[in-house]
>>> print(open('start32.cif').read())   # mmCIF, C-alpha atoms
data_my_file
loop_
_atom_site.label_atom_id
_atom_site.label_comp_id
_atom_site.auth_asym_id
_atom_site.auth_seq_id
_atom_site.Cartn_x
_atom_site.Cartn_y
_atom_site.Cartn_z
CA MET A 110 16.59 36.11 -39.68
CA SER A 111 13.91 38.77 -40.00
CA HIS A 112 14.70 42.26 -38.81
CA ARG A 113 11.14 43.56 -38.49
CA ALA A 114 10.26 45.68 -35.46
CA LEU A 115 13.53 45.40 -33.56
CA GLY A 116 12.77 48.49 -31.45
CA SER A 117 15.38 50.78 -29.94
CA VAL A 118 18.17 48.23 -29.87
CA SER A 119 20.23 48.36 -33.03
CA ASP A 120 19.66 45.63 -35.57
CA ALA A 121 23.30 44.54 -35.37
CA ARG A 122 23.30 44.23 -31.58
CA TRP A 123 19.96 42.41 -31.53
CA ALA A 124 21.12 40.04 -34.26
CA SER A 125 24.31 39.32 -32.30
CA ILE A 126 22.31 38.46 -29.16
CA LEU A 127 19.98 36.14 -31.04
CA ASN A 128 22.64 34.38 -33.05
CA THR A 129 25.00 33.71 -30.15
CA ALA A 130 22.23 32.18 -28.03
CA VAL A 131 22.77 28.48 -27.32
CA ASP A 132 19.04 27.76 -27.39
CA GLY A 133 16.82 28.10 -30.42
CA ILE A 134 14.67 31.24 -30.51
CA ILE A 135 11.62 31.59 -32.75
CA VAL A 136 9.30 34.61 -32.81
CA ILE A 137 5.93 34.34 -34.57
CA ASP A 138 3.10 36.81 -35.08
CA ASP A 139 -0.50 36.23 -34.06
CA GLU A 140 -1.19 34.55 -37.41
CA GLY A 141 1.47 31.91 -36.73
CA ARG A 142 3.97 33.32 -39.26
CA ILE A 143 7.67 33.08 -38.38
CA MET A 144 9.33 36.48 -37.84
CA ILE A 145 12.66 35.52 -36.25
CA PHE A 146 14.59 32.25 -36.58
CA ASN A 147 18.04 32.35 -34.98
CA ARG A 148 21.16 30.38 -35.90
CA ALA A 149 20.61 27.79 -33.18
CA CYS A 150 17.29 27.04 -34.87
CA GLU A 151 19.02 26.80 -38.24
CA ARG A 152 21.34 24.14 -36.83
CA MET A 153 18.49 22.40 -35.03
CA PHE A 154 16.02 22.21 -37.95
CA GLY A 155 18.34 22.26 -40.99
CA PHE A 156 16.61 25.30 -42.53
CA ALA A 157 18.20 28.67 -43.27
CA ALA A 158 16.30 31.60 -41.75
CA GLU A 159 15.44 32.93 -45.22
CA GLU A 160 13.63 29.67 -45.99
CA VAL A 161 11.23 29.86 -43.06
CA VAL A 162 10.67 33.54 -42.25
CA GLY A 163 7.18 34.52 -43.35
CA ARG A 164 5.94 30.92 -43.40
CA ASN A 165 3.64 29.27 -40.89
CA VAL A 166 5.43 27.79 -37.88
CA ALA A 167 3.39 24.61 -38.37
CA MET A 168 6.02 23.56 -40.92
CA LEU A 169 8.30 22.76 -37.95
CA MET A 170 5.73 20.58 -36.17
CA PRO A 171 4.70 16.93 -36.49
CA PRO A 172 1.52 16.45 -38.58
CA GLU A 173 -0.79 15.84 -35.61
CA HIS A 174 0.09 19.24 -34.11
CA ALA A 175 0.56 21.20 -37.34
CA THR A 176 -3.08 20.77 -38.33
CA THR A 177 -4.39 22.20 -35.05
CA HIS A 178 -1.86 24.94 -34.33
CA ASP A 179 -3.65 27.77 -36.16
CA ALA A 180 -6.93 26.80 -34.47
CA TYR A 181 -5.17 26.94 -31.10
CA ILE A 182 -3.89 30.48 -31.75
CA GLU A 183 -7.36 31.60 -32.84
CA GLY A 184 -8.91 29.99 -29.77
CA TYR A 185 -6.41 31.71 -27.49
CA LYS A 186 -7.01 35.13 -29.08
CA ARG A 187 -10.76 34.63 -28.68
CA THR A 188 -10.90 33.14 -25.15
CA GLY A 189 -7.53 33.82 -23.54
CA HIS A 190 -7.35 30.13 -22.55
CA ARG A 191 -3.69 28.98 -22.44
CA LYS A 192 -2.48 25.49 -23.16
CA ILE A 193 1.22 26.06 -23.86
CA ILE A 194 2.00 29.72 -23.18
CA GLY A 195 3.93 30.18 -19.95
CA ILE A 196 4.39 26.42 -19.51
CA GLY A 197 7.60 24.63 -20.50
CA ARG A 198 7.08 21.13 -21.81
CA GLU A 199 8.61 18.41 -23.94
CA VAL A 200 7.28 18.16 -27.48
CA ARG A 201 8.40 16.80 -30.85
CA ALA A 202 9.67 18.96 -33.71
CA ARG A 203 10.11 18.22 -37.41
CA HIS A 204 13.50 18.51 -39.10
CA ARG A 205 13.92 19.61 -42.71
CA ASP A 206 14.40 15.95 -43.72
CA GLY A 207 11.07 15.01 -42.12
CA THR A 208 12.49 13.23 -39.09
CA LEU A 209 10.98 14.05 -35.71
CA PHE A 210 13.13 14.87 -32.70
CA PRO A 211 12.42 15.82 -29.05
CA ILE A 212 12.71 19.41 -27.84
CA ASP A 213 12.01 21.29 -24.65
CA LEU A 214 9.74 24.22 -25.57
CA SER A 215 8.70 27.23 -23.53
CA VAL A 216 6.50 29.92 -25.04
CA GLY A 217 6.04 33.51 -23.92
CA GLU A 218 3.76 36.28 -25.16
CA ALA A 219 4.77 39.86 -25.99
CA LYS A 220 2.59 42.80 -26.97
CA THR A 221 4.49 45.06 -29.38
CA PRO A 222 3.64 48.10 -31.50
CA ASP A 223 3.35 45.66 -34.42
CA GLY A 224 0.81 43.50 -32.56
CA ARG A 225 0.89 40.41 -30.41
CA GLN A 226 3.89 38.16 -30.84
CA PHE A 227 4.88 34.81 -29.36
CA VAL A 228 8.45 33.93 -28.43
CA GLY A 229 9.50 30.27 -28.34
CA ILE A 230 12.69 29.10 -26.62
CA LEU A 231 13.73 25.64 -27.85
CA ARG A 232 16.33 23.19 -26.64
CA ASP A 233 17.18 20.04 -28.59
CA LEU A 234 16.83 17.00 -26.32
CA THR A 235 18.14 14.42 -28.80
CA SER A 236 21.51 13.95 -27.10
CA ARG A 237 19.94 13.72 -23.67
CA LYS A 238 17.34 11.22 -24.87
CA ASP A 239 20.03 9.14 -26.55
CA ALA A 240 22.04 9.14 -23.32
CA GLU A 241 18.95 8.16 -21.31
CA ARG A 242 18.15 5.36 -23.75
CA ARG A 243 21.72 4.05 -23.62
CA LEU A 244 21.71 4.24 -19.84
CA ASN A 245 18.47 2.26 -19.75
CA GLU A 246 19.96 -0.32 -22.12
CA LEU A 247 23.05 -0.65 -19.92
CA GLN A 248 20.90 -0.98 -16.83
CA SER A 249 18.83 -3.71 -18.52
CA ASP A 250 22.03 -5.52 -19.47
CA LEU A 251 23.31 -5.26 -15.91
CA ILE A 252 20.03 -6.59 -14.51
CA ARG A 253 20.20 -9.53 -16.91
CA LEU A 254 23.87 -10.11 -16.01
CA ALA A 255 22.84 -10.40 -12.38
CA ARG A 256 20.22 -13.01 -13.34
CA VAL A 257 22.76 -15.00 -15.32
CA SER A 258 25.23 -14.73 -12.42
CA ALA A 259 22.63 -16.04 -9.97
CA LEU A 260 21.75 -18.96 -12.22
CA ASP A 261 25.43 -19.69 -12.79
CA GLU A 262 25.84 -20.10 -9.03
CA MET A 263 22.78 -22.40 -9.04
CA GLY A 264 24.04 -24.31 -12.10
CA SER A 265 25.04 -27.54 -10.36
CA ALA A 266 21.71 -27.81 -8.50
CA LEU A 267 19.72 -27.03 -11.65
CA ALA A 268 21.65 -29.59 -13.69
CA HIS A 269 20.99 -32.23 -11.02
CA GLU A 270 17.30 -31.32 -10.90
CA LEU A 271 17.00 -31.62 -14.69
CA ASN A 272 18.95 -34.87 -14.75
CA GLN A 273 16.36 -36.60 -12.56
CA PRO A 274 13.32 -36.25 -14.86
CA LEU A 275 15.41 -36.82 -18.00
CA THR A 276 16.84 -40.03 -16.54
CA ALA A 277 13.34 -41.10 -15.51
CA ILE A 278 12.04 -40.50 -19.05
CA MET A 279 14.81 -42.65 -20.50
CA LEU A 280 14.09 -45.47 -18.03
CA TYR A 281 10.33 -45.31 -18.67
CA LEU A 282 10.86 -45.50 -22.43
CA GLN A 283 13.19 -48.46 -21.99
CA ALA A 284 10.50 -50.12 -19.88
CA VAL A 285 7.93 -49.59 -22.65
CA GLY A 286 10.29 -51.23 -25.13
CA ARG A 287 10.73 -54.23 -22.85
CA GLU A 288 6.95 -54.54 -22.33
CA PHE A 289 6.29 -54.65 -26.05
CA SER A 290 9.10 -57.15 -26.65
CA ARG A 291 7.78 -59.43 -23.91
CA ALA A 292 4.18 -59.09 -25.10
CA LYS A 293 5.17 -59.88 -28.66
CA GLU A 294 6.89 -63.07 -27.51
CA MET A 295 3.87 -64.17 -25.41
CA GLY A 296 1.13 -62.85 -27.64
CA HIS A 297 -0.40 -60.59 -24.93
CA THR A 298 -0.47 -57.30 -26.83
CA ALA A 299 -3.65 -55.95 -25.15
CA GLU A 300 -2.20 -56.20 -21.65
CA ALA A 301 1.06 -54.71 -22.93
CA ASP A 302 -0.80 -51.74 -24.39
CA ALA A 303 -2.37 -50.92 -21.02
CA ARG A 304 0.93 -51.21 -19.16
CA ALA A 305 2.69 -49.15 -21.84
CA ASP A 306 0.07 -46.41 -21.58
CA ALA A 307 0.61 -46.16 -17.82
CA ILE A 308 4.38 -45.98 -18.23
CA LEU A 309 4.12 -43.40 -21.02
CA GLU A 310 1.90 -41.22 -18.81
CA LYS A 311 4.63 -41.23 -16.17
CA ALA A 312 7.19 -40.28 -18.83
CA ARG A 313 4.95 -37.45 -20.02
CA ARG A 314 4.72 -36.02 -16.47
CA GLU A 315 8.50 -36.13 -16.10
CA ALA A 316 8.93 -34.41 -19.47
CA GLN A 317 6.56 -31.65 -18.35
CA ARG A 318 8.55 -31.28 -15.14
CA ALA A 319 11.83 -30.90 -17.04
CA GLY A 320 10.22 -28.52 -19.53
CA SER A 321 8.88 -26.34 -16.74
CA ILE A 322 12.33 -26.00 -15.18
CA ILE A 323 13.91 -25.18 -18.55
CA GLN A 324 11.23 -22.57 -19.28
CA ARG A 325 11.84 -20.84 -15.95
CA ILE A 326 15.57 -20.74 -16.59
CA ARG A 327 15.08 -19.51 -20.15
CA SER A 328 12.78 -16.67 -19.08
CA LEU A 329 15.38 -15.49 -16.57
CA VAL A 330 18.42 -15.56 -18.85
CA GLU A 331 17.09 -14.52 -22.27
CA LYS A 332 17.89 -11.01 -23.48
CA ARG A 333 14.63 -9.09 -23.68
CA ALA A 334 13.31 -5.59 -23.32
CA PRO A 335 11.62 -4.84 -19.98
CA GLU A 336 7.88 -5.48 -20.30
CA ARG A 337 5.29 -4.13 -17.88
CA LYS A 338 1.96 -5.94 -17.74
CA ASP A 339 -0.71 -6.97 -15.25
CA VAL A 340 0.56 -9.87 -13.16
CA ASP A 341 -0.63 -11.87 -10.16
CA LEU A 342 1.96 -11.14 -7.45
CA ASN A 343 1.23 -14.34 -5.52
CA ALA A 344 1.69 -16.47 -8.65
CA ILE A 345 5.01 -14.97 -9.77
CA VAL A 346 6.42 -14.99 -6.23
CA ASP A 347 5.42 -18.63 -5.74
CA ASP A 348 6.91 -19.64 -9.10
CA ALA A 349 10.20 -17.91 -8.24
CA VAL A 350 10.33 -19.63 -4.85
CA ASP A 351 9.83 -23.01 -6.55
CA LEU A 352 12.81 -22.33 -8.79
CA THR A 353 15.03 -21.07 -5.97
CA VAL A 354 14.53 -24.02 -3.61
CA ILE A 355 15.88 -26.44 -6.23
CA GLY A 356 19.01 -28.05 -4.82
CA GLN A 357 18.82 -26.16 -1.51
CA ASP A 358 18.87 -27.70 1.97
CA ARG A 359 15.71 -29.79 2.24
CA ASN A 360 15.74 -29.46 6.02
CA VAL A 361 14.93 -25.75 5.76
CA THR A 362 11.23 -25.04 6.22
CA ILE A 363 9.69 -22.71 3.63
CA VAL A 364 6.53 -20.97 4.84
CA ARG A 365 4.41 -19.34 2.13
CA ASP A 366 2.07 -16.80 3.64
CA TYR A 367 0.26 -15.16 0.72
CA GLN A 368 -2.62 -12.74 1.20
CA ALA A 369 -5.55 -13.80 -0.97
CA GLY A 370 -7.40 -11.49 -3.33
CA LEU A 371 -4.58 -9.06 -4.07
CA PRO A 372 -5.15 -6.64 -6.97
CA MET A 373 -3.12 -7.13 -10.13
CA LEU A 374 0.34 -5.61 -10.21
CA GLN A 375 1.66 -3.59 -13.18
CA ALA A 376 5.20 -4.94 -13.42
CA ASP A 377 7.83 -6.80 -15.39
CA PRO A 378 7.27 -10.34 -14.05
CA VAL A 379 10.78 -11.62 -14.88
CA GLN A 380 12.44 -8.75 -13.02
CA ILE A 381 10.17 -9.16 -9.98
CA GLN A 382 10.94 -12.89 -9.94
CA GLN A 383 14.63 -11.99 -10.12
CA VAL A 384 14.22 -10.02 -6.88
CA VAL A 385 12.48 -12.98 -5.21
CA VAL A 386 15.24 -15.38 -6.33
CA ASN A 387 17.93 -13.03 -5.00
CA LEU A 388 16.26 -12.56 -1.62
CA VAL A 389 15.37 -16.21 -1.06
CA ARG A 390 18.91 -17.30 -1.97
CA ASN A 391 20.29 -14.75 0.49
CA ALA A 392 17.98 -16.13 3.16
CA TYR A 393 19.30 -19.65 2.54
CA GLU A 394 22.84 -18.29 2.82
CA ALA A 395 21.99 -16.64 6.15
CA ILE A 396 20.74 -19.86 7.74
CA LYS A 397 23.27 -22.24 6.19
CA GLY A 398 24.27 -24.91 8.73
CA ARG A 399 21.68 -23.67 11.22
CA LYS A 400 19.45 -26.33 12.79
CA GLY A 401 15.74 -25.63 12.34
CA GLY A 402 16.27 -23.17 9.49
CA ARG A 403 13.10 -21.35 8.47
CA ILE A 404 12.25 -18.88 5.69
CA VAL A 405 8.92 -17.05 5.53
CA VAL A 406 7.81 -15.67 2.15
CA SER A 407 4.76 -13.44 2.46
CA THR A 408 2.66 -11.03 0.39
CA SER A 409 0.36 -8.30 1.64
CA LEU A 410 -1.36 -5.03 0.82
CA ASP A 411 -1.39 -1.58 2.35
CA ASP A 412 -3.15 1.61 1.28
CA ARG A 413 -0.65 2.44 -1.47
CA HIS A 414 1.45 -0.65 -2.14
CA LEU A 415 1.60 -4.34 -2.80
CA LEU A 416 4.30 -5.86 -0.64
CA PHE A 417 6.27 -9.06 -0.50
CA SER A 418 8.81 -9.94 2.15
CA ILE A 419 11.43 -12.61 2.77
CA GLU A 420 12.30 -13.32 6.41
CA ASP A 421 14.76 -15.84 7.80
CA ASN A 422 15.56 -17.01 11.33
CA GLY A 423 19.29 -16.51 10.98
CA PRO A 424 21.52 -14.33 13.16
CA GLY A 425 20.56 -11.04 11.47
CA ILE A 426 22.78 -8.60 9.59
CA PRO A 427 25.80 -7.19 11.46
CA ARG A 428 25.88 -3.41 11.86
CA GLU A 429 29.21 -3.10 10.03
CA VAL A 430 27.74 -4.85 6.96
CA LEU A 431 24.54 -2.82 6.90
CA THR A 432 26.09 0.38 5.52
CA ASP A 433 27.23 -1.21 2.26
CA LEU A 434 24.44 -3.77 2.01
CA PHE A 435 22.89 -2.39 -1.19
CA GLN A 436 26.15 -1.39 -2.88
CA ALA A 437 27.07 -3.23 -6.08
CA PHE A 438 30.11 -5.55 -5.94
CA LYS A 439 30.04 -5.58 -2.13
CA THR A 440 29.53 -9.14 -0.97
CA GLY A 441 30.38 -11.31 1.97
CA LYS A 442 29.77 -14.52 0.01
CA ARG A 443 32.53 -16.83 -1.10
CA SER A 444 31.17 -16.70 -4.66
CA GLY A 445 29.08 -14.32 -6.73
CA MET A 446 29.43 -10.76 -7.95
CA GLY A 447 27.72 -8.90 -5.12
CA LEU A 448 25.06 -7.58 -7.50
CA GLY A 449 21.99 -9.25 -6.02
CA LEU A 450 20.77 -6.70 -3.47
CA ALA A 451 21.91 -3.68 -5.49
CA ILE A 452 20.05 -4.91 -8.56
CA SER A 453 17.02 -5.90 -6.49
CA ARG A 454 16.70 -2.39 -5.08
CA THR A 455 17.19 -0.90 -8.57
CA ILE A 456 14.38 -3.08 -9.95
CA ALA A 457 12.04 -2.10 -7.12
CA GLN A 458 12.82 1.60 -7.59
CA ASN A 459 12.40 1.37 -11.37
CA HIS A 460 8.89 0.09 -10.65
CA GLY A 461 8.21 3.14 -8.46
CA GLY A 462 8.73 1.22 -5.23
CA ASP A 463 11.63 0.35 -2.95
CA LEU A 464 13.46 -2.43 -1.12
CA SER A 465 14.12 -2.02 2.60
CA VAL A 466 15.52 -4.25 5.32
CA ASP A 467 14.97 -4.86 9.00
CA PRO A 468 18.43 -6.22 9.91
CA GLY A 469 17.21 -8.19 12.92
CA GLY A 470 19.81 -9.37 15.41
CA ASP A 471 19.44 -10.21 19.10
CA GLY A 472 17.75 -13.49 18.25
CA ARG A 473 15.86 -12.24 15.20
CA GLY A 474 16.68 -12.91 11.56
CA ALA A 475 16.70 -10.33 8.78
CA ARG A 476 13.54 -9.34 6.92
CA PHE A 477 13.62 -7.79 3.45
CA VAL A 478 10.50 -5.98 2.25
CA VAL A 479 9.71 -4.94 -1.33
CA ARG A 480 7.02 -2.30 -1.80
CA LEU A 481 5.50 -1.85 -5.25
CA PRO A 482 2.93 0.87 -5.97
CA LEU A 483 -0.67 0.11 -6.74
CA ARG A 484 -2.20 1.44 -9.89
CA ALA A 485 -4.36 4.51 -9.27
CA GLN A 486 -7.64 2.61 -9.79
CA ASP A 487 -6.59 0.03 -7.18
CA GLU A 488 -5.89 2.55 -4.40
CA ASP A 489 -9.57 3.06 -3.59
CA ARG A 490 -10.02 -0.69 -3.40
CA ALA A 491 -7.08 -0.98 -1.02
CA GLU A 492 -8.53 1.72 1.25
CA ASP A 493 -11.90 -0.08 1.30
CA GLU A 494 -10.08 -3.32 2.17
CA GLU A 495 -8.28 -1.57 5.04
CA GLY A 496 -11.60 -0.27 6.32
CA ARG A 497 -13.18 -3.72 6.31
CA ASN A 498 -10.16 -5.20 8.06
CA ALA A 499 -9.95 -2.46 10.71
CA GLY A 500 -10.27 -3.47 14.35
CA PRO A 501 -8.41 -5.69 16.78
CA ARG A 502 -6.50 -8.61 15.24
CA GLN A 503 -6.17 -11.92 17.02
#
>>> encode(input="start32.cif", output="structure tokens")
Amino acid sequence: MSHRALGSVSDARWASILNTAVDGIIVIDDEGRIMIFNRACERMFGFAAEEVVGRNVAMLMPPEHATTHDAYIEGYKRTGHRKIIGIGREVRARHRDGTLFPIDLSVGEAKTPDGRQFVGILRDLTSRKDAERRLNELQSDLIRLARVSALDEMGSALAHELNQPLTAIMLYLQAVGREFSRAKEMGHTAEADARADAILEKARREAQRAGSIIQRIRSLVEKRAPERKDVDLNAIVDDAVDLTVIGQDRNVTIVRDYQAGLPMLQADPVQIQQVVVNLVRNAYEAIKGRKGGRIVVSTSLDDRHLLFSIEDNGPGIPREVLTDLFQAFKTGKRSGMGLGLAISRTIAQNHGGDLSVDPGGDGRGARFVVRLPLRAQDEDRAEDEEGRNAGPRQ
């Protein structure tokens, strides 16, 4: 550590203060040369103070910043325009071995008898970032576990639904074989070809149906990193509803009330579909055994959000259940892990939105509403849409 210009405080006392500091402290002159490099910095960067004092601080920066740092100092001295000074922010630093790591950096300015100096306070964020990354990985695993749990509960219905087209394919192919055998015996191969083509077309449609179901299941259960992209909310909601109604009570009426012309949503489509599956399954549970069961799935737009809601005509949610409704592992179902609503709210909040509920009761069913934020460029469009739609509604 350099001992230049330590002022009235003794060198020993000043050195003790610097070297017992938990955070890294770097002092540079107005040419960008390192004057002070405390022990926390030595541990952080892997350099001894003697190796860096007198050298340009750019040696501790990633290449894209190192090349412009001197120009920034010169620009600040000339214009007084600040970009970093007085503002704490997260940046990357370069270790002795060349690896880059995240730090929190705040820079202050001091005018001393030896000229202008800049003091940097640094805190290594590597451990915090590692913890955040691990937490995100665990959360992704938990979200996927909830998907697998939901599909496990739907397993019997899905197996039955797949068995139908696969059985049909087998029967159609057997029919083709019989047609060709009969035609060969009678010498009517042309007629057999036409009949076989028609049967094979039916088999192809059944194969597509089975493949579509398998693809939906695969997309929900496969281990994958969350992926945000532009998606059509109406399309992914409708696809999730199609999957969820498989094997459910066919006497329940599903009403799909989708607002046309919605802007694209920046979202992970599989996770949003997971929310739809959870909410629609809960709605079926709420109206189980109820005559005239009805579920309304709707999408809409307000000035800041895209919304979708799931409403049933069941008895509503009892007050004593409402308090713990979104708590993980709290469930009133006979099966399942009680993760559905907790995970659904987590997914909505991770997308910058939220999941809320109108519990209903007194003759009204429950209504769950998911709000997901519009992208900034879509907000103006939403406000224009609101203006055009203003006025009394019939």
>>> resolve_selection(input="start32.cif", expression="the PyMOL selection byres ((chain A and resi 361) around 10)", output="PDB file with C-alpha atoms, in the frame of the given file")
ATOM      1  CA  VAL A 354      14.530 -24.020  -3.610  1.00  0.00           C
ATOM      2  CA  GLN A 357      18.820 -26.160  -1.510  1.00  0.00           C
ATOM      3  CA  ASP A 358      18.870 -27.700   1.970  1.00  0.00           C
ATOM      4  CA  ARG A 359      15.710 -29.790   2.240  1.00  0.00           C
ATOM      5  CA  ASN A 360      15.740 -29.460   6.020  1.00  0.00           C
ATOM      6  CA  THR A 362      11.230 -25.040   6.220  1.00  0.00           C
ATOM      7  CA  ILE A 363       9.690 -22.710   3.630  1.00  0.00           C
ATOM      8  CA  VAL A 364       6.530 -20.970   4.840  1.00  0.00           C
ATOM      9  CA  TYR A 393      19.300 -19.650   2.540  1.00  0.00           C
ATOM     10  CA  ILE A 396      20.740 -19.860   7.740  1.00  0.00           C
ATOM     11  CA  LYS A 397      23.270 -22.240   6.190  1.00  0.00           C
ATOM     12  CA  GLY A 398      24.270 -24.910   8.730  1.00  0.00           C
ATOM     13  CA  ARG A 399      21.680 -23.670  11.220  1.00  0.00           C
ATOM     14  CA  LYS A 400      19.450 -26.330  12.790  1.00  0.00           C
ATOM     15  CA  GLY A 401      15.740 -25.630  12.340  1.00  0.00           C
ATOM     16  CA  GLY A 402      16.270 -23.170   9.490  1.00  0.00           C
ATOM     17  CA  ARG A 403      13.100 -21.350   8.470  1.00  0.00           C
ATOM     18  CA  ILE A 404      12.250 -18.880   5.690  1.00  0.00           C
TER      19      ILE A 404
END
>>> residues_around(input="start32.cif", residues="range 275-280 of chain A", least_positions_apart="6", cutoff="9 Å", atoms="all atoms listed in the file", output="MDAnalysis selection string")
chainID A and resid 309 311:316 319
>>> write_last_selection(input="start32.cif", atoms="C-alpha atoms", output="CSV table (one decimal), in the frame of the given file")
chain,number,residue,atom,x,y,z
A,309,LEU,CA,4.1,-43.4,-21.0
A,311,LYS,CA,4.6,-41.2,-16.2
A,312,ALA,CA,7.2,-40.3,-18.8
A,313,ARG,CA,5.0,-37.4,-20.0
A,314,ARG,CA,4.7,-36.0,-16.5
A,315,GLU,CA,8.5,-36.1,-16.1
A,316,ALA,CA,8.9,-34.4,-19.5
A,319,ALA,CA,11.8,-30.9,-17.0
>>> resolve_selection(input="start32.cif", expression="the PyMOL selection byres ((chain A and resi 464) around 12)", output="PyMOL selection string")
chain A and resi 381+384-385+388+416-419+434-435+449-463+465-467+476-481
>>> residues_around(input="start32.cif", residues="Ile145 in chain A", least_positions_apart="5", cutoff="12 Å", atoms="only C-alpha atoms", output="ChimeraX atom specification")
/A:110-115,123-124,127-128,133-138,150-151,157-166,226-230
>>> atom_distance(input="start32.cif", atom1="CA of Val386 in chain A", atom2="CA of His414 in chain A")
20.6 Å
>>> closest_residue(input="start32.cif", among="A:Pro482, A:Asp421, A:Val389, A:Gln382", to="Thr353 in chain A", atoms="only C-alpha atoms")
A:Val389
>>> residues_near_point(input="start32.cif", point="(14.8, 21.8, -38.4)", cutoff="7 Å", atoms="all atoms listed in the file", output="MDAnalysis selection string")
chainID A and resid 150:151 153:156 169 203:205
>>> resolve_selection(input="start32.cif", expression="the PyMOL selection byres ((chain A and resi 349) around 12)", output="PyMOL selection string")
chain A and resi 322+325-326+328-329+342-348+350-355+365+378-390+406
>>> atom_distance(input="start32.cif", atom1="CA of Asp341 in chain A", atom2="CA of Met373 in chain A")
5.4 Å
>>> residues_around(input="start32.cif", residues="range 367-372 of chain A", least_positions_apart="4", cutoff="7 Å", atoms="all atoms listed in the file", output="list in words")
Asn343, Ser407, Thr408, Ser409 and Asp487 of chain A
>>> residues_near_point(input="start32.cif", point="(-5.7, 39.9, -40.2)", cutoff="12 Å", atoms="all atoms listed in the file", output="CSV table (one decimal) with C-alpha atoms, in the frame of the given file")
chain,number,residue,atom,x,y,z
A,138,ASP,CA,3.1,36.8,-35.1
A,139,ASP,CA,-0.5,36.2,-34.1
A,140,GLU,CA,-1.2,34.6,-37.4
A,141,GLY,CA,1.5,31.9,-36.7
A,142,ARG,CA,4.0,33.3,-39.3
A,183,GLU,CA,-7.4,31.6,-32.8
A,224,GLY,CA,0.8,43.5,-32.6
A,225,ARG,CA,0.9,40.4,-30.4
>>> closest_residue(input="start32.cif", among="A:Ala240, A:Ala475, A:Leu415, A:Val405", to="Arg428 in chain A", atoms="all atoms listed in the file")
A:Ala475
>>> atom_distance(input="start32.cif", atom1="CA of Ile212 in chain A", atom2="CA of Leu231 in chain A")
6.3 Å
